[in-house]
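Asker: Once you've had a glance at the structure underneath, I'll fire off some questions.
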Amino acid sequence: MSGLLEVTEVSKSFGGVRALTACHIDVAKGSIHGLIGPNGSGKTTLFNVITGYERIQQGEVRFDGIEITNAPPDQVFGLGIGRTFQLTRIFSRLTVLENMLVATQRREGWLRGLLHRAGSSSEKHRATELLEFVGIARLANEPAGNLSFGQRKLLELASLLVADPDVLLLDEPAGGVNPTLITHLADRINELNKAGKTFLVVEHNMEFVMSLCHEVTVLSQGRPLVSGAPDEVRANPAVLDAYLGGEDDAATQLELVSEDPARRPRAPVAPSRTVSLIQPRAKLGGPEPLLSVRGVSAGYGGGDILKEVTFDVPEGEITCIVGPNGAGKSTLLATISGLLRPRQGEIRFGGRVISGLAPREILARGIAHVPQVHSLFNEMTVRENVEMGAFTVDDRALVAQRLGTVGELYPIVRERADEKAGSLSGGQQRLVEFARSLMLDPTMIVLDEPSMGLDPQTRRIVFDMIELMNRQGKTILLVEQNARAGLRLSSRGVVLENGIVRLLGTGREVLEHPEIGALYLGGTVSTGGAPSAVG
Amino acid sequence: MSTAESGRARRWLILAGVAGALAVLAAFPLAVTDPAATSIAVFTLVFMVSTAAWNIFSGYSGYLALGHAVFFGSGGYAVALAARDWHFKGGWDVFALLPFGGLVAAAIAVPIGVIALRTRRHTFVVVTIAIFFIFQLAAFNLSFTGGTSGIELPIAPFPVATYNNPFYYVGLVILVMTIAMSWAVRRSRFGLQLLAIRDDEARARGLGVKTGRIKLAAFVLSAFPIGMVGGLYFYFLGQIFPQFAYDPLFDISLALMAFLGGIGTLVGPVLGAAVLEALQQYLTQSVSGSGTYLIVYGVLFLAVILLLPRGVVPTLTELVKSRRARAADSSTIEEPRDQAVRSVAGAIR
Amino acid sequence: MSFTSLLQAVIDGILTGGVYALMAAGLTLIFGVMNIINIAQGVMVVLGAYLSYALSVHLGIGLLPGLLLTVPAMFVLGVAIEFVFMRRLRESDRTGMSILVTFAVAIVIEGILTEIFGVDYVQLHAAYVDKSVYVFGFYLPYIYLIGFGLAVVLLIALYWLLYRTKFGRAVRASLQNRTAADLIGINVDRTRTISVGIGVAVTAVGGMVFGATNAFNPGSGYDLISRLLAIVILGGMGSIGGAMAAAVFMLVINDVVAVAWSPTWAPLVFFAALVIVLSFRPQGLFGSAAARAQ
């Protein structure tokens, strides 16, 4: 039986990265369908494809049997499919009520739209009712920009309801929201569902998904992995694998379109003696941690993402930070390397305070940062990119020497020295980024999701290189989505959730901690136990 | 309930204020008979209309158009050419040509809008500037525009003492009409969609707003009053030359006036124009060098942009609002009443 | 209209195109590094011309030697403007606001020039300005050759700066990936300021050549900026190579049209080409797809 919303064989690539591969999903009419999957698995891209924000060349989207592939967003909405966004979007300069009225659908030309008032009394009445339904009616005349985070989510949802859509696509409705509001939201969704509305919900909050949804599809690396009732999905070991990272993901190869198999990086040669470029001032040699983070709270203006984070990074070891989506892992790394100033708290490196310093200065102290998002200079060659790592050094001979040393560790630097960095595959770029970070011979290297988006073979090489750099004496602070591989590699583990440190211990302790499954998937993993009641 | 009462009282107050302002404006030329003053008033009205019209597009949609002089000049040329070729004698009859000027401007706005609105916001600005220069070049070189010698308009046989007054009143009528249009747009569904486009165009599309059509409609709409008032302006001057018809300073003045008063608000641009044009005229008459005039203008603009980016009206409104105590704590969420829930469930079914 | 005159027009176009390429390169560099569209670039060329004029008429310093003074002066101006105005613009609506701010700066500069020099047209004179070299039947005016030569030298210097020096690497890195540039220790602020200085400094040279080949007054900036904008947008904003190619291309067409059709309509070509290209390719000839409307 075909569903109300059907997506078949959809593929979508961005440059060299395939976001969706032969993806299909079937949403039954009147159901609440959950869509889950690790970071980068393609959930938001799927939403964008369905609602016309991204065009596809391959595949089909059908709504109630009618094909709507590549229909523009306004048409899709007119047909009865509404969506919310991962980062809540509202019209901040309009009032709450005006926000509601924008979506009111009328069958009239723009000329009549000019003459008619923005909202007839019946439309305003309906809008107000819907505002009452979600619980923000008394804010009707407030500029939407003044609303709190949770209130905006409610407004975003309510403004869709004005047009009485048949299908609602919700992108992380419970993200970053307090538990009371989550219950409230779940109740509203159930009410609407009983009234006949169909839902497709992307969420990371597993409690929410498992208790609310009738059916759940797990997306991994652009493909559906498993689809079924919540309990089935939860009990399926492949699902936890997808989240924590499996050993050998033969079934979930992410094909990097531009990679040339003949040029895969070989295993590295045994390293020769390294040449230090800067005096490693930060080596303590004692029991003191190399990096200490104390009570750090930080955010990007809308409130704190990190809440009084405290942990240590011991010298000479690999420390891995893991945690579900939105936990604040990247934000934490940004505060350490100076891209973000902590609002509160202190960070010390080698005993000296570094919180509040500019990235340049922190680099000079001996911390190199490889960011999550691609950070090579596309138009420059591989050699130039690696040399840029030693930008602050003026002695060209020294730089050349250093380049040679690094090149022995990372043969790709030598092999593809004169090619433009932009032409390399994702995995190769990663290795070049590692090479670049070594140019100043830093004491500590900070890596943000080094294995993200890479196929299993390249991932293995990446982890091997991390281990190798550590054996040469570098302290590594690592954020990994692939929690299993990351924690196995590390001697220390930190689990972050919603900006708070939840677990601390050795890598193994953290990995084998019973709560880790709960943190990622909600409820116990092994028995697929009864979900806790909501509300 | 008191809020409805105070709402009604507020509405009467605004109505009274508007009526009062209109009365004052209508009486102005009768009270102040100095032709220099009424002349400045006519110029001021021209800019008030232009800024208000410009604001309908750029203020509400957020797309900065810096080529609206195209409509001003084209409207002027349309009126001048029509008056000459259709043998208008001059006097009140030429005023009847003003809507024609407006229509010509609006007609020109269609293809310009179609081309320019395909680009993103900052390229859009540059495209409007480029199109402006095309028109300027054409005006200088095409024969039918009279080239550098321009075109003469018929002299109105108004009595010398009150020569300016008919122009003033016509301008006032056009101003009232334009403000009414701006007000109507603002409270209409069309205007709401424009404002939504300004805040988040992509999301507006996702909510069913036909963004392309709406933007184009606003663009064309904004051209009409400017075309009309362009005709008025050059009729007042008696002659139209390409360097005045298509003057880059006109473009930038509209933006400056709107920003000063508060771009995107209803009355802000009009107030900004009133203040600035009066200042401009005073400067031209008192300052000897045209250079100083430019310097003052530019510095003023910089000051406004950098120090008062939202303009006077919004800043004042903010001050007034922050004086009043904030309403109930906005962090708790109301528990929905069961009644409301049931009725909505019914409405959705 | 003979083939010879057509070829002459092409040669003229290439020669003048070189100078426009230099000025356009400055404009696009400023955009690439700061996301700012410097509307004042046109009037700055005029300012450069006036500086050369003042030096030659009042101090008797020749046009070419005068450049040794005008170029650093314009560099300082660029740095000052970046520091005082451009830095204050927020990242979010930077480009739109920059148009208004630089427009205002342009008006101020025009006002200052009007006050000092008045509105009469002037032109730069030197012994070699009016002479030409006669090669293979074509006239190559000295001043065009000198201008082209200067432009080539400076563009090569710019290339060398961008590709062979540390500073140049910093500029290119800031252009390509700001976060990464920060993390490698590049002083992004200083890089930006100096880039803007360079972008403005080239107008001194452009001004000298422009002033020697055209009569100008303070109001001549508008025509210039409209051409430069057309060139930069056609070449793709932020692409120096694109700006250079577009400059030569546009000037050749301009001169050919002037000969083949009419000199008065030649400038129309710029704008018409701009409008046509943008209709089909909103990101310009060399620009990225990011410039397209949604």
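Residue numbers start at 1 in each chain; chains themselves are named A, B, ... in the order of the structure tokens; ligands are numbered from 1 in the order shown.
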Do you know which residues are at most 12 Å from Thr183 (chain A) counting only C-alpha atoms, after dropping those on the same chain fewer than 2 positions away, and could you put them as number ranges by chain?
Answerer: A: 134, 173-174, 177-181, 185-190, 207-209, 211-212, 533-535; B: 335
Asker: Quick check: residues of chain C within 7 Å of chain B, only C-alpha atoms, returned as an mmCIF file with C-alpha atoms, in the first residue's frame.
Answerer:
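Heads up, here's the output in iface.cif:
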data_model
loop_
_atom_site.group_PDB
_atom_site.id
_atom_site.type_symbol
_atom_site.label_atom_id
_atom_site.label_comp_id
_atom_site.auth_asym_id
_atom_site.auth_seq_id
_atom_site.Cartn_x
_atom_site.Cartn_y
_atom_site.Cartn_z
ATOM 1 C CA THR C 95 27.688 44.517 1.280
ATOM 2 C CA GLY C 96 24.428 46.417 1.023
ATOM 3 C CA VAL C 101 28.677 54.214 2.773
ATOM 4 C CA ALA C 104 28.577 58.853 0.559
ATOM 5 C CA VAL C 105 32.362 58.845 0.698
ATOM 6 C CA ILE C 107 30.123 62.375 -2.710
ATOM 7 C CA VAL C 108 32.359 63.867 -0.045
ATOM 8 C CA GLY C 111 32.646 67.863 -2.986
ATOM 9 C CA ILE C 112 36.184 68.419 -1.789
ATOM 10 C CA THR C 114 34.863 70.746 -6.489
ATOM 11 C CA GLU C 115 35.762 73.145 -3.732
ATOM 12 C CA SER C 226 29.642 52.500 -13.708
ATOM 13 C CA THR C 264 28.200 58.370 -28.229
ATOM 14 C CA LEU C 268 25.832 51.921 -23.721
ATOM 15 C CA PHE C 271 25.550 48.484 -19.508
ATOM 16 C CA SER C 279 19.880 37.973 -17.185
ATOM 17 C CA PRO C 282 23.370 36.200 -12.491
ATOM 18 C CA ALA C 291 25.540 35.091 -6.484
ATOM 19 C CA ARG C 292 22.334 33.735 -7.975
ATOM 20 C CA ALA C 293 19.043 34.727 -6.417
#
Asker: Specify as a VMD selection string all residues of chain C found within 10 Å of chain A, counting only C-alpha atoms.
Answerer: chain C and resid 163 166 to 167 169 to 170 172 to 188 294
Asker: Write the residues of the selection above to a file with C-alpha atoms, as a PDB file, in the first residue's frame.
Answerer:
ATOM      1  CA  TYR C 163      51.597  34.673  -5.477  1.00  0.00           C
ATOM      2  CA  LYS C 166      53.978  35.889   2.348  1.00  0.00           C
ATOM      3  CA  PHE C 167      51.546  38.755   2.479  1.00  0.00           C
ATOM      4  CA  ARG C 169      49.503  34.190   0.597  1.00  0.00           C
ATOM      5  CA  ALA C 170      47.760  35.741   3.546  1.00  0.00           C
ATOM      6  CA  ARG C 172      44.633  34.656  -0.873  1.00  0.00           C
ATOM      7  CA  ALA C 173      44.054  32.568   2.222  1.00  0.00           C
ATOM      8  CA  SER C 174      41.722  35.198   3.680  1.00  0.00           C
ATOM      9  CA  LEU C 175      39.901  35.261   0.373  1.00  0.00           C
ATOM     10  CA  GLN C 176      39.478  31.512   0.225  1.00  0.00           C
ATOM     11  CA  ASN C 177      38.760  30.459   3.792  1.00  0.00           C
ATOM     12  CA  ARG C 178      38.573  33.000   6.560  1.00  0.00           C
ATOM     13  CA  THR C 179      38.312  30.609   9.503  1.00  0.00           C
ATOM     14  CA  ALA C 180      41.254  28.560   8.379  1.00  0.00           C
ATOM     15  CA  ALA C 181      43.255  31.743   7.828  1.00  0.00           C
ATOM     16  CA  ASP C 182      42.541  32.747  11.400  1.00  0.00           C
ATOM     17  CA  LEU C 183      43.624  29.381  12.686  1.00  0.00           C
ATOM     18  CA  ILE C 184      46.965  29.428  10.912  1.00  0.00           C
ATOM     19  CA  GLY C 185      47.954  32.621  12.536  1.00  0.00           C
ATOM     20  CA  ILE C 186      47.205  35.117   9.809  1.00  0.00           C
ATOM     21  CA  ASN C 187      46.364  38.559  11.069  1.00  0.00           C
ATOM     22  CA  VAL C 188      43.205  38.816   9.070  1.00  0.00           C
ATOM     23  CA  GLN C 294      17.197  31.992  -4.601  1.00  0.00           C
TER      24      GLN C 294
END
Asker: Based on only C-alpha atoms, which of the residues in chain A come within 8 Å of chain B? I want them as a PDB file with C-alpha atoms, in the first residue's frame.
Answerer:
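And here is the file that came out, part-v9.pdb:
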ATOM      1  CA  THR A  51       9.896  20.665  -0.171  1.00  0.00           C
ATOM      2  CA  PRO A  73       8.606  25.541  -2.323  1.00  0.00           C
ATOM      3  CA  ASP A  74       5.559  27.755  -2.657  1.00  0.00           C
ATOM      4  CA  GLN A  75       3.808  25.177  -4.773  1.00  0.00           C
ATOM      5  CA  VAL A  76       4.666  22.351  -2.378  1.00  0.00           C
ATOM      6  CA  PHE A  77       3.184  24.325   0.479  1.00  0.00           C
ATOM      7  CA  GLY A  78       0.104  25.083  -1.549  1.00  0.00           C
ATOM      8  CA  GLY A  82       4.490  22.244   5.418  1.00  0.00           C
ATOM      9  CA  ARG A  83       7.887  22.103   7.083  1.00  0.00           C
ATOM     10  CA  ARG A  89      13.012  30.401  11.265  1.00  0.00           C
ATOM     11  CA  ILE A  90      10.383  33.028  11.867  1.00  0.00           C
ATOM     12  CA  PHE A  91       9.829  36.547  10.612  1.00  0.00           C
ATOM     13  CA  SER A  92      11.416  38.414  13.461  1.00  0.00           C
ATOM     14  CA  ARG A  93      10.272  41.921  12.552  1.00  0.00           C
ATOM     15  CA  LEU A  94       6.649  40.944  12.203  1.00  0.00           C
ATOM     16  CA  GLU A  98       1.372  38.701  11.466  1.00  0.00           C
ATOM     17  CA  VAL A 102       1.629  35.196   6.132  1.00  0.00           C
ATOM     18  CA  ALA A 103       0.808  31.569   5.519  1.00  0.00           C
ATOM     19  CA  GLN A 105      -3.759  30.817   1.718  1.00  0.00           C
ATOM     20  CA  TRP A 110      -1.890  39.861  -6.119  1.00  0.00           C
ATOM     21  CA  GLY A 113      -4.121  40.943  -2.234  1.00  0.00           C
ATOM     22  CA  LEU A 114      -3.119  44.561  -2.383  1.00  0.00           C
ATOM     23  CA  LEU A 115      -6.562  45.821  -1.682  1.00  0.00           C
ATOM     24  CA  HIS A 116      -7.557  43.404   0.987  1.00  0.00           C
ATOM     25  CA  ARG A 117      -6.456  43.712   4.542  1.00  0.00           C
ATOM     26  CA  ALA A 118      -3.765  41.431   5.799  1.00  0.00           C
ATOM     27  CA  GLY A 119      -6.143  39.416   7.882  1.00  0.00           C
ATOM     28  CA  GLU A 129      -7.154  29.933  18.031  1.00  0.00           C
ATOM     29  CA  LEU A 130      -4.069  28.238  16.716  1.00  0.00           C
ATOM     30  CA  GLU A 132      -3.968  29.349  21.843  1.00  0.00           C
ATOM     31  CA  PHE A 133      -3.598  25.779  20.751  1.00  0.00           C
ATOM     32  CA  VAL A 134       0.180  25.982  21.001  1.00  0.00           C
ATOM     33  CA  GLY A 135      -0.017  28.241  24.006  1.00  0.00           C
ATOM     34  CA  ILE A 136       1.388  31.586  22.947  1.00  0.00           C
ATOM     35  CA  LEU A 147      10.204  35.450  21.624  1.00  0.00           C
ATOM     36  CA  SER A 148      12.240  32.941  23.538  1.00  0.00           C
ATOM     37  CA  GLN A 151       8.220  30.091  21.893  1.00  0.00           C
ATOM     38  CA  LEU A 160       2.222  26.158   9.306  1.00  0.00           C
ATOM     39  CA  ASP A 164      -4.197  23.374   7.317  1.00  0.00           C
ATOM     40  CA  GLU A 191      -3.775  16.080  18.984  1.00  0.00           C
ATOM     41  CA  LEU A 192      -3.117  17.123  15.438  1.00  0.00           C
ATOM     42  CA  ALA A 195      -7.375  15.144  13.800  1.00  0.00           C
ATOM     43  CA  GLY A 196      -5.943  13.495  10.722  1.00  0.00           C
TER      44      GLY A 196
END
Asker: Can you tell me, as a ChimeraX atom specification, what residues are no more than 6 Å from region 221-237 of chain A when counting only C-alpha atoms, ignoring any on the same chain fewer than 4 positions away?
Answerer: /A:19-21,23,41-42,210,215-217,528
Asker: State, in Å with one decimal place, the distance from CA of Val27 (chain A) to CA of Lys43 (chain A).
Answerer: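 CA of Val27 (chain A) sits 14.4 Å away from CA of Lys43 (chain A).
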Asker: Residues of region 30-268 of chain B classed as strand (DSSP E or B) by DSSP on the backbone are to be reported as JSON, numbers by chain.
Answerer: {"B": [119, 151, 152, 188, 239, 240]}
Asker: For N, CA and C atoms, I'd like the residues from the last selection saved as a short mmCIF file (atom, residue, chain, number, x, y, z; two decimals), in the first residue's frame.
Answerer:
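Output file part.cif follows:
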data_model
loop_
_atom_site.label_atom_id
_atom_site.label_comp_id
_atom_site.auth_asym_id
_atom_site.auth_seq_id
_atom_site.Cartn_x
_atom_site.Cartn_y
_atom_site.Cartn_z
N THR B 119 18.50 38.79 -9.56
CA THR B 119 19.78 38.67 -8.86
C THR B 119 19.60 38.82 -7.35
N ILE B 151 14.15 69.60 -23.27
CA ILE B 151 12.84 69.92 -23.84
C ILE B 151 12.18 70.99 -22.98
N GLU B 152 11.53 71.89 -23.62
CA GLU B 152 10.81 72.91 -22.86
C GLU B 152 9.39 72.47 -22.61
N SER B 188 -2.06 45.57 4.04
CA SER B 188 -2.66 44.55 3.19
C SER B 188 -1.88 43.25 3.27
N GLN B 239 11.53 73.29 -17.75
CA GLN B 239 12.41 72.66 -18.72
C GLN B 239 13.00 71.39 -18.16
N ILE B 240 13.28 70.44 -19.05
CA ILE B 240 13.89 69.20 -18.57
C ILE B 240 15.19 68.94 -19.30
#
Asker: Using only C-alpha atoms, determine which residues lie at most 7 Å from Val7 (chain A), disregarding the query and same-chain residues fewer than 6 positions distant; provide the list as a list in words.
Answerer: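 Listing them by chain and then by number gives His24, Ile25, Asp26, Glu60, Val61 and Arg62 of chain A.
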Asker: As a VMD selection string, please: all residues of region 3-219 of chain B that backbone DSSP puts in helix (DSSP H, G or I).
Answerer: chain B and resid 3 to 31 35 to 61 69 to 85 92 to 95 98 to 116 121 to 141 143 to 145 147 to 149 164 to 187 189 to 206 211 to 219
Asker: Name all residues at most 10 Å from Phe88 (chain B) (count only C-alpha atoms; drop same-chain ones fewer than 6 positions away) and give them as a list of chain:residue names.
Answerer: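 The residues that qualify are B:Ala80, B:Ala82, B:Val94, B:Leu97, B:Leu153, B:Pro154.
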Asker: Using only C-alpha atoms, which residues sit within 9 Å of Met74 (chain C) once same-chain residues fewer than 6 positions away are excluded, as a tab-separated table (two decimals) with N, CA and C atoms, in the first residue's frame?
Answerer:
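Saved the output as part_0.tsv:
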chain	number	residue	atom	x	y	z
C	44	MET	N	37.77	58.07	-6.87
C	44	MET	CA	39.17	58.00	-6.43
C	44	MET	C	40.12	58.06	-7.61
C	47	LEU	N	40.31	61.56	-8.28
C	47	LEU	CA	41.18	62.17	-7.27
C	47	LEU	C	42.63	61.95	-7.62
C	48	GLY	N	42.95	60.73	-8.04
C	48	GLY	CA	44.31	60.44	-8.47
C	48	GLY	C	44.72	61.34	-9.62
C	197	GLY	N	44.02	49.13	1.00
C	197	GLY	CA	44.98	50.16	0.62
C	197	GLY	C	45.51	49.95	-0.78
C	198	ILE	N	45.84	48.71	-1.08
C	198	ILE	CA	46.36	48.41	-2.42
C	198	ILE	C	45.28	48.64	-3.46
C	200	VAL	N	42.96	50.69	-3.48
C	200	VAL	CA	42.77	52.11	-3.75
C	200	VAL	C	44.02	52.71	-4.40
C	201	ALA	N	45.18	52.20	-4.01
C	201	ALA	CA	46.42	52.77	-4.54
C	201	ALA	C	46.51	52.67	-6.05
C	202	VAL	N	45.95	51.59	-6.60
C	202	VAL	CA	46.03	51.43	-8.06
C	202	VAL	C	45.27	52.52	-8.79
C	203	THR	N	44.33	53.16	-8.09
C	203	THR	CA	43.58	54.22	-8.77
C	203	THR	C	44.47	55.42	-9.05
C	204	ALA	N	45.57	55.54	-8.34
C	204	ALA	CA	46.47	56.66	-8.61
C	204	ALA	C	47.03	56.53	-10.02
Asker: Calculated over only C-alpha atoms, which of the candidates C:Met244, C:Ile11, C:Gly219, C:Leu6 has the smallest distance to Phe117 (chain C)?
Answerer: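 Closest candidate: C:Gly219.
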Asker: Find the residues near Leu103 (chain B): any atom within 10 Å, counting only C-alpha atoms, skip ones fewer than 3 places away on the same chain, and give them as JSON, numbers by chain.
Answerer: {"B": [71, 75, 78, 97, 98, 99, 100, 106, 107, 108, 109, 220, 221, 223, 224, 225, 227, 228]}
Asker: Can those selected residues be exported to a file as a short mmCIF file (atom, residue, chain, number, x, y, z; two decimals), in the first residue's frame so that it contains N, CA and C atoms?
Answerer:
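Saved to result_31.cif:
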data_model
loop_
_atom_site.label_atom_id
_atom_site.label_comp_id
_atom_site.auth_asym_id
_atom_site.auth_seq_id
_atom_site.Cartn_x
_atom_site.Cartn_y
_atom_site.Cartn_z
N PHE B 71 12.72 56.45 -13.10
CA PHE B 71 11.28 56.69 -13.16
C PHE B 71 10.98 58.17 -13.08
N GLY B 75 9.28 59.85 -16.24
CA GLY B 75 7.99 60.50 -16.06
C GLY B 75 8.05 61.94 -16.53
N ALA B 78 8.17 62.01 -20.30
CA ALA B 78 6.87 61.64 -20.86
C ALA B 78 5.93 62.82 -20.85
N LEU B 97 -1.71 65.46 -17.37
CA LEU B 97 -0.73 64.55 -17.97
C LEU B 97 0.08 63.78 -16.92
N LEU B 98 0.02 64.23 -15.70
CA LEU B 98 0.86 63.59 -14.68
C LEU B 98 0.61 62.09 -14.53
N PRO B 99 -0.65 61.67 -14.47
CA PRO B 99 -0.87 60.22 -14.39
C PRO B 99 -0.27 59.49 -15.59
N PHE B 100 -0.26 60.16 -16.73
CA PHE B 100 0.37 59.55 -17.90
C PHE B 100 1.86 59.33 -17.64
N ALA B 106 5.71 53.37 -14.73
CA ALA B 106 5.34 52.02 -14.30
C ALA B 106 5.58 51.01 -15.40
N ALA B 107 5.29 51.42 -16.64
CA ALA B 107 5.50 50.51 -17.77
C ALA B 107 6.98 50.18 -17.91
N ILE B 108 7.83 51.19 -17.75
CA ILE B 108 9.27 50.96 -17.83
C ILE B 108 9.72 50.05 -16.70
N ALA B 109 9.07 50.18 -15.57
CA ALA B 109 9.49 49.41 -14.40
C ALA B 109 9.32 47.92 -14.61
N VAL B 220 6.99 47.91 -9.50
CA VAL B 220 6.21 48.68 -10.46
C VAL B 220 5.35 49.72 -9.75
N LEU B 221 4.76 49.31 -8.64
CA LEU B 221 3.92 50.22 -7.87
C LEU B 221 4.70 51.43 -7.40
N ALA B 223 7.08 52.84 -8.82
CA ALA B 223 7.49 53.70 -9.93
C ALA B 223 6.42 54.74 -10.27
N PHE B 224 5.18 54.37 -10.05
CA PHE B 224 4.08 55.23 -10.51
C PHE B 224 4.08 56.64 -9.88
N PRO B 225 4.09 56.75 -8.56
CA PRO B 225 4.08 58.10 -8.00
C PRO B 225 5.33 58.90 -8.38
N GLY B 227 6.98 58.70 -11.14
CA GLY B 227 6.80 59.20 -12.49
C GLY B 227 5.92 60.44 -12.50
N MET B 228 4.87 60.38 -11.72
CA MET B 228 3.94 61.51 -11.67
C MET B 228 4.64 62.76 -11.15
#
Asker: With only C-alpha atoms as the basis for distance, which of C:Val43, C:Val205, C:Leu51, C:Val133 is at the shortest distance from Glu110 (chain C)?
Answerer: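 The shortest atom-to-atom distance to Glu110 (chain C) comes from C:Val43.
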Asker: Go ahead and compute the interatomic distance for CA of Ile14 (chain B) and CA of Glu142 (chain A), in Å to one decimal.
Answerer: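 So the two atoms, CA of Ile14 (chain B) and CA of Glu142 (chain A), lie 21.3 Å apart.
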